[in-house]
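A short write-up of the structure that comes next.
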Amino acid sequence: NVLTGSTLAQEILFPGGVPNVAVVKVVQTADTILQLAELDIFGHEAVTKPIVKFGKDLGVVSQSSSHSEGTASNAYDGNTNGNWVHGDAVQNSVSHTLDTVGDEWWQVDLSAGIGEPVVITHITIYNRQDCCWDRLIGATVHLLDVNGQDITPTSVNNVLTGSTAAQDIVFFPAVPNVAVVKVVQTADTALQLAEVDIFGYERTTWTTFAERASDGTFTTSFS
């Protein structure tokens, strides 16, 4: 955020954006005057869209492996029933990977379903109910950007307890530019999920605040 003093325009970029900004301030601590031709500030307004749950038609689901009828889509079908069932009489709604050595994972690619990354406010994880709920102990919830980089805030407790009660993972402030939500189990056990509810909103269009932050004039001559 240090200015070079060049006659060329200089950009200060904030990857992922910075929420909750009230003031932009330029400070010169050297023993000289501060002069600026123009200050263009880009961003988006406070959220006007309501927070919604991203439905099963807004994402592409997959997992590391599948056991029997426990396909990845079972954890993103809108059904929180956590009882593992077999047969044609009742549709199973629990995802279930194999119990193999190494990481087991489940994920939903929201950018593939919506067409662009989204902003995530919170996620609710529903565990299996009829048995084996301890298999979810220690699993972690991750937010990835379009490049597959983990952008989960370090301040957030993203570790699942394995409780039979639904568990909320809350992101405050909300996390922008999320392409993929991923659940990872590194323990030597299967990963099973009754449902993953993801809440947030589609990101807004980036605009300039020049009309309010400055006069919009780029004249560099002083008069």
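Residues are named by chain letter and number: chains run A, B, ... in the order of the structure tokens, numbers start at 1 in each chain, and ligands are numbered from 1 in the order shown.
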As a PyMOL selection string, please: all residues of range 49-189 of chain A that backbone DSSP puts in alpha helix (DSSP H).
chain A and resi 110-114
Please provide as a ChimeraX atom specification all residues within 8 Å of Ser64 in chain A, with the sequence filter that same-chain residues fewer than 5 positions apart are discarded (counting only C-alpha atoms).
/A:97,104-106
Can you pull out the residues contacting range 7-11 of chain A? Cut-off 10 Å, using only C-alpha atoms, and skip same-chain residues under 4 positions away; I want them as a list in words.
Asn1, Val2, Leu3, Ala37, Glu38, Leu39, Asp40, Ile41 and Thr220 of chain A
Just write the chosen residues, N, CA and C atoms, as a PDB file, in the first residue's frame.
```
ATOM      1  N   ASN A   1       0.812  -1.207   0.000  1.00  0.00           N
ATOM      2  CA  ASN A   1       0.000   0.000   0.000  1.00  0.00           C
ATOM      3  C   ASN A   1       0.852   1.268   0.000  1.00  0.00           C
ATOM      4  N   VAL A   2       2.139   1.129  -0.349  1.00  0.00           N
ATOM      5  CA  VAL A   2       3.061   2.268  -0.373  1.00  0.00           C
ATOM      6  C   VAL A   2       3.121   2.849  -1.781  1.00  0.00           C
ATOM      7  N   LEU A   3       2.929   4.149  -1.907  1.00  0.00           N
ATOM      8  CA  LEU A   3       2.954   4.810  -3.209  1.00  0.00           C
ATOM      9  C   LEU A   3       4.384   5.129  -3.626  1.00  0.00           C
ATOM     10  N   ALA A  37      -3.959  13.972  -7.705  1.00  0.00           N
ATOM     11  CA  ALA A  37      -4.746  14.388  -8.864  1.00  0.00           C
ATOM     12  C   ALA A  37      -6.126  13.752  -8.833  1.00  0.00           C
ATOM     13  N   GLU A  38      -6.169  12.504  -8.443  1.00  0.00           N
ATOM     14  CA  GLU A  38      -7.447  11.790  -8.401  1.00  0.00           C
ATOM     15  C   GLU A  38      -7.291  10.495  -7.630  1.00  0.00           C
ATOM     16  N   LEU A  39      -8.358  10.088  -6.999  1.00  0.00           N
ATOM     17  CA  LEU A  39      -8.379   8.819  -6.275  1.00  0.00           C
ATOM     18  C   LEU A  39      -9.622   8.056  -6.720  1.00  0.00           C
ATOM     19  N   ASP A  40      -9.432   7.016  -7.507  1.00  0.00           N
ATOM     20  CA  ASP A  40     -10.553   6.177  -7.964  1.00  0.00           C
ATOM     21  C   ASP A  40     -10.649   4.957  -7.065  1.00  0.00           C
ATOM     22  N   ILE A  41     -11.829   4.715  -6.532  1.00  0.00           N
ATOM     23  CA  ILE A  41     -12.058   3.603  -5.612  1.00  0.00           C
ATOM     24  C   ILE A  41     -13.076   2.653  -6.233  1.00  0.00           C
ATOM     25  N   THR A 220      -4.179  16.873 -14.057  1.00  0.00           N
ATOM     26  CA  THR A 220      -3.025  16.793 -13.161  1.00  0.00           C
ATOM     27  C   THR A 220      -2.345  18.145 -12.973  1.00  0.00           C
TER      28      THR A 220
END
```
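You will find CA of Ile137 in chain A at 13.4 Å from CA of Asn157 in chain A.
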I'd like the interatomic distance between CA of Val184 in chain A and CA of Glu116 in chain A, to a tenth of an Å.
23.0 Å
Atom pair CA of Gly148 in chain A + CA of Pro117 in chain A, distance 11.8 Å
Within 6 Å of range 191-202 of chain A: each range 46-163 of chain A residue with its shortest pair, only C-alpha atoms, as a Markdown table:
```
| residue | atom | partner | partner_atom | distance |
| --- | --- | --- | --- | --- |
| A:Ile51 | CA | A:Gly200 | CA | 5.0 |
| A:Val52 | CA | A:Phe199 | CA | 5.4 |
| A:Lys53 | CA | A:Phe199 | CA | 4.4 |
| A:Phe54 | CA | A:Ile198 | CA | 5.8 |
| A:Ala75 | CA | A:Glu195 | CA | 4.0 |
| A:Tyr76 | CA | A:Glu195 | CA | 5.7 |
| A:Thr80 | CA | A:Glu195 | CA | 5.2 |
| A:Gly82 | CA | A:Ala194 | CA | 4.8 |
| A:Val94 | CA | A:Ala194 | CA | 4.4 |
| A:Ser95 | CA | A:Gln192 | CA | 5.2 |
| A:His96 | CA | A:Gln192 | CA | 4.3 |
| A:Thr97 | CA | A:Leu191 | CA | 5.4 |
| A:Val118 | CA | A:Glu202 | CA | 4.7 |
| A:Val119 | CA | A:Tyr201 | CA | 5.4 |
| A:Ile120 | CA | A:Gly200 | CA | 4.3 |
| A:Thr121 | CA | A:Gly200 | CA | 4.9 |
| A:His122 | CA | A:Phe199 | CA | 5.4 |
| A:Ile123 | CA | A:Ile198 | CA | 4.6 |
| A:Thr124 | CA | A:Asp197 | CA | 5.0 |
| A:Ile125 | CA | A:Val196 | CA | 4.9 |
| A:Tyr126 | CA | A:Glu195 | CA | 5.0 |
| A:Asn127 | CA | A:Ala194 | CA | 5.2 |
| A:Arg128 | CA | A:Ala194 | CA | 5.3 |
```
I need the residues from that last selection saved to file as a PDB file, in the first residue's frame (with N, CA, C and O atoms), if you can.
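Generated output (selection.pdb):
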```pdb
ATOM      1  N   ILE A  51     -29.719 -13.219   1.567  1.00  0.00           N
ATOM      2  CA  ILE A  51     -28.938 -14.443   1.718  1.00  0.00           C
ATOM      3  C   ILE A  51     -29.845 -15.631   1.411  1.00  0.00           C
ATOM      4  O   ILE A  51     -30.957 -15.716   1.922  1.00  0.00           O
ATOM      5  N   VAL A  52     -29.378 -16.524   0.580  1.00  0.00           N
ATOM      6  CA  VAL A  52     -30.189 -17.657   0.143  1.00  0.00           C
ATOM      7  C   VAL A  52     -29.416 -18.953   0.342  1.00  0.00           C
ATOM      8  O   VAL A  52     -28.188 -18.949   0.507  1.00  0.00           O
ATOM      9  N   LYS A  53     -30.131 -20.054   0.328  1.00  0.00           N
ATOM     10  CA  LYS A  53     -29.490 -21.370   0.311  1.00  0.00           C
ATOM     11  C   LYS A  53     -29.327 -21.782  -1.144  1.00  0.00           C
ATOM     12  O   LYS A  53     -30.287 -21.771  -1.907  1.00  0.00           O
ATOM     13  N   PHE A  54     -28.105 -22.121  -1.518  1.00  0.00           N
ATOM     14  CA  PHE A  54     -27.851 -22.556  -2.888  1.00  0.00           C
ATOM     15  C   PHE A  54     -28.418 -23.956  -3.083  1.00  0.00           C
ATOM     16  O   PHE A  54     -28.034 -24.894  -2.394  1.00  0.00           O
ATOM     17  N   ALA A  75     -25.841 -35.773  -0.645  1.00  0.00           N
ATOM     18  CA  ALA A  75     -25.586 -34.763   0.385  1.00  0.00           C
ATOM     19  C   ALA A  75     -25.923 -33.358  -0.086  1.00  0.00           C
ATOM     20  O   ALA A  75     -25.658 -32.385   0.625  1.00  0.00           O
ATOM     21  N   TYR A  76     -26.527 -33.262  -1.274  1.00  0.00           N
ATOM     22  CA  TYR A  76     -26.854 -31.941  -1.824  1.00  0.00           C
ATOM     23  C   TYR A  76     -28.169 -32.020  -2.593  1.00  0.00           C
ATOM     24  O   TYR A  76     -28.311 -31.493  -3.676  1.00  0.00           O
ATOM     25  N   THR A  80     -32.459 -33.718   4.436  1.00  0.00           N
ATOM     26  CA  THR A  80     -31.556 -33.863   5.580  1.00  0.00           C
ATOM     27  C   THR A  80     -31.706 -35.190   6.314  1.00  0.00           C
ATOM     28  O   THR A  80     -31.096 -35.388   7.367  1.00  0.00           O
ATOM     29  N   GLY A  82     -30.926 -38.439   7.764  1.00  0.00           N
ATOM     30  CA  GLY A  82     -29.613 -39.015   7.984  1.00  0.00           C
ATOM     31  C   GLY A  82     -29.590 -40.512   8.173  1.00  0.00           C
ATOM     32  O   GLY A  82     -28.582 -41.063   8.627  1.00  0.00           O
ATOM     33  N   VAL A  94     -27.966 -40.233   1.992  1.00  0.00           N
ATOM     34  CA  VAL A  94     -26.702 -40.021   2.690  1.00  0.00           C
ATOM     35  C   VAL A  94     -25.558 -40.337   1.726  1.00  0.00           C
ATOM     36  O   VAL A  94     -25.536 -41.398   1.111  1.00  0.00           O
ATOM     37  N   SER A  95     -24.615 -39.411   1.598  1.00  0.00           N
ATOM     38  CA  SER A  95     -23.428 -39.702   0.783  1.00  0.00           C
ATOM     39  C   SER A  95     -22.479 -40.571   1.595  1.00  0.00           C
ATOM     40  O   SER A  95     -22.452 -40.507   2.829  1.00  0.00           O
ATOM     41  N   HIS A  96     -21.673 -41.366   0.928  1.00  0.00           N
ATOM     42  CA  HIS A  96     -20.815 -42.330   1.644  1.00  0.00           C
ATOM     43  C   HIS A  96     -19.646 -42.687   0.737  1.00  0.00           C
ATOM     44  O   HIS A  96     -19.828 -43.269  -0.331  1.00  0.00           O
ATOM     45  N   THR A  97     -18.420 -42.361   1.164  1.00  0.00           N
ATOM     46  CA  THR A  97     -17.242 -42.748   0.401  1.00  0.00           C
ATOM     47  C   THR A  97     -16.761 -44.116   0.876  1.00  0.00           C
ATOM     48  O   THR A  97     -17.265 -44.669   1.847  1.00  0.00           O
ATOM     49  N   VAL A 118     -19.111 -17.208  -5.767  1.00  0.00           N
ATOM     50  CA  VAL A 118     -20.170 -16.627  -4.943  1.00  0.00           C
ATOM     51  C   VAL A 118     -19.593 -16.151  -3.615  1.00  0.00           C
ATOM     52  O   VAL A 118     -18.412 -16.341  -3.328  1.00  0.00           O
ATOM     53  N   VAL A 119     -20.447 -15.522  -2.813  1.00  0.00           N
ATOM     54  CA  VAL A 119     -20.081 -15.088  -1.472  1.00  0.00           C
ATOM     55  C   VAL A 119     -20.756 -16.033  -0.478  1.00  0.00           C
ATOM     56  O   VAL A 119     -21.963 -16.257  -0.560  1.00  0.00           O
ATOM     57  N   ILE A 120     -19.983 -16.590   0.454  1.00  0.00           N
ATOM     58  CA  ILE A 120     -20.509 -17.569   1.409  1.00  0.00           C
ATOM     59  C   ILE A 120     -20.615 -16.930   2.798  1.00  0.00           C
ATOM     60  O   ILE A 120     -19.665 -16.327   3.294  1.00  0.00           O
ATOM     61  N   THR A 121     -21.789 -17.092   3.432  1.00  0.00           N
ATOM     62  CA  THR A 121     -22.003 -16.561   4.782  1.00  0.00           C
ATOM     63  C   THR A 121     -21.949 -17.657   5.840  1.00  0.00           C
ATOM     64  O   THR A 121     -21.383 -17.452   6.912  1.00  0.00           O
ATOM     65  N   HIS A 122     -22.538 -18.793   5.570  1.00  0.00           N
ATOM     66  CA  HIS A 122     -22.468 -19.899   6.529  1.00  0.00           C
ATOM     67  C   HIS A 122     -22.842 -21.213   5.855  1.00  0.00           C
ATOM     68  O   HIS A 122     -23.463 -21.236   4.785  1.00  0.00           O
ATOM     69  N   ILE A 123     -22.437 -22.305   6.496  1.00  0.00           N
ATOM     70  CA  ILE A 123     -22.678 -23.659   5.985  1.00  0.00           C
ATOM     71  C   ILE A 123     -23.181 -24.504   7.147  1.00  0.00           C
ATOM     72  O   ILE A 123     -22.662 -24.421   8.260  1.00  0.00           O
ATOM     73  N   THR A 124     -24.200 -25.317   6.880  1.00  0.00           N
ATOM     74  CA  THR A 124     -24.723 -26.235   7.893  1.00  0.00           C
ATOM     75  C   THR A 124     -24.490 -27.667   7.435  1.00  0.00           C
ATOM     76  O   THR A 124     -24.876 -28.043   6.322  1.00  0.00           O
ATOM     77  N   ILE A 125     -23.850 -28.447   8.295  1.00  0.00           N
ATOM     78  CA  ILE A 125     -23.538 -29.846   7.990  1.00  0.00           C
ATOM     79  C   ILE A 125     -24.456 -30.761   8.798  1.00  0.00           C
ATOM     80  O   ILE A 125     -24.555 -30.640  10.020  1.00  0.00           O
ATOM     81  N   TYR A 126     -25.126 -31.688   8.104  1.00  0.00           N
ATOM     82  CA  TYR A 126     -25.979 -32.681   8.750  1.00  0.00           C
ATOM     83  C   TYR A 126     -25.279 -34.039   8.698  1.00  0.00           C
ATOM     84  O   TYR A 126     -24.885 -34.503   7.620  1.00  0.00           O
ATOM     85  N   ASN A 127     -25.158 -34.674   9.843  1.00  0.00           N
ATOM     86  CA  ASN A 127     -24.448 -35.945   9.962  1.00  0.00           C
ATOM     87  C   ASN A 127     -25.415 -37.122   9.792  1.00  0.00           C
ATOM     88  O   ASN A 127     -26.634 -36.977   9.916  1.00  0.00           O
ATOM     89  N   ARG A 128     -24.853 -38.277   9.547  1.00  0.00           N
ATOM     90  CA  ARG A 128     -25.637 -39.520   9.525  1.00  0.00           C
ATOM     91  C   ARG A 128     -26.246 -39.757  10.911  1.00  0.00           C
ATOM     92  O   ARG A 128     -25.641 -39.411  11.937  1.00  0.00           O
TER      93      ARG A 128
END
```
Fewer than 2 positions away in the same chain doesn't count, so skip those; otherwise give me all residues within 8 Å of Asp188 in chain A, counting only C-alpha atoms, as a list in words.
Asp99, Thr100, Val101, Gly102, Asp103, Thr186 and Ala190 of chain A
Got a sec: who's within 10 Å of Val18 in chain A, counting only C-alpha atoms, leaving out chain neighbours fewer than 6 positions off, as a PyMOL selection string?
chain A and resi 43+173+175-176
For the residues selected in the previous step, produce a file with N, CA and C atoms as an mmCIF file, in the first residue's frame.
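And here is the file that came out, selection-v4.cif:
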```cif
data_model
loop_
_atom_site.group_PDB
_atom_site.id
_atom_site.type_symbol
_atom_site.label_atom_id
_atom_site.label_comp_id
_atom_site.auth_asym_id
_atom_site.auth_seq_id
_atom_site.Cartn_x
_atom_site.Cartn_y
_atom_site.Cartn_z
ATOM 1 N N GLY A 43 -15.294 -1.053 -6.079
ATOM 2 C CA GLY A 43 -15.842 -2.043 -5.161
ATOM 3 C C GLY A 43 -17.301 -2.254 -5.470
ATOM 4 N N PRO A 173 -16.576 -11.693 8.612
ATOM 5 C CA PRO A 173 -17.464 -11.338 7.506
ATOM 6 C C PRO A 173 -17.580 -12.461 6.479
ATOM 7 N N VAL A 175 -17.324 -14.587 3.062
ATOM 8 C CA VAL A 175 -16.131 -14.836 2.235
ATOM 9 C C VAL A 175 -16.502 -14.730 0.752
ATOM 10 N N PRO A 176 -15.911 -13.771 0.025
ATOM 11 C CA PRO A 176 -16.207 -13.631 -1.402
ATOM 12 C C PRO A 176 -15.365 -14.563 -2.255
#
```
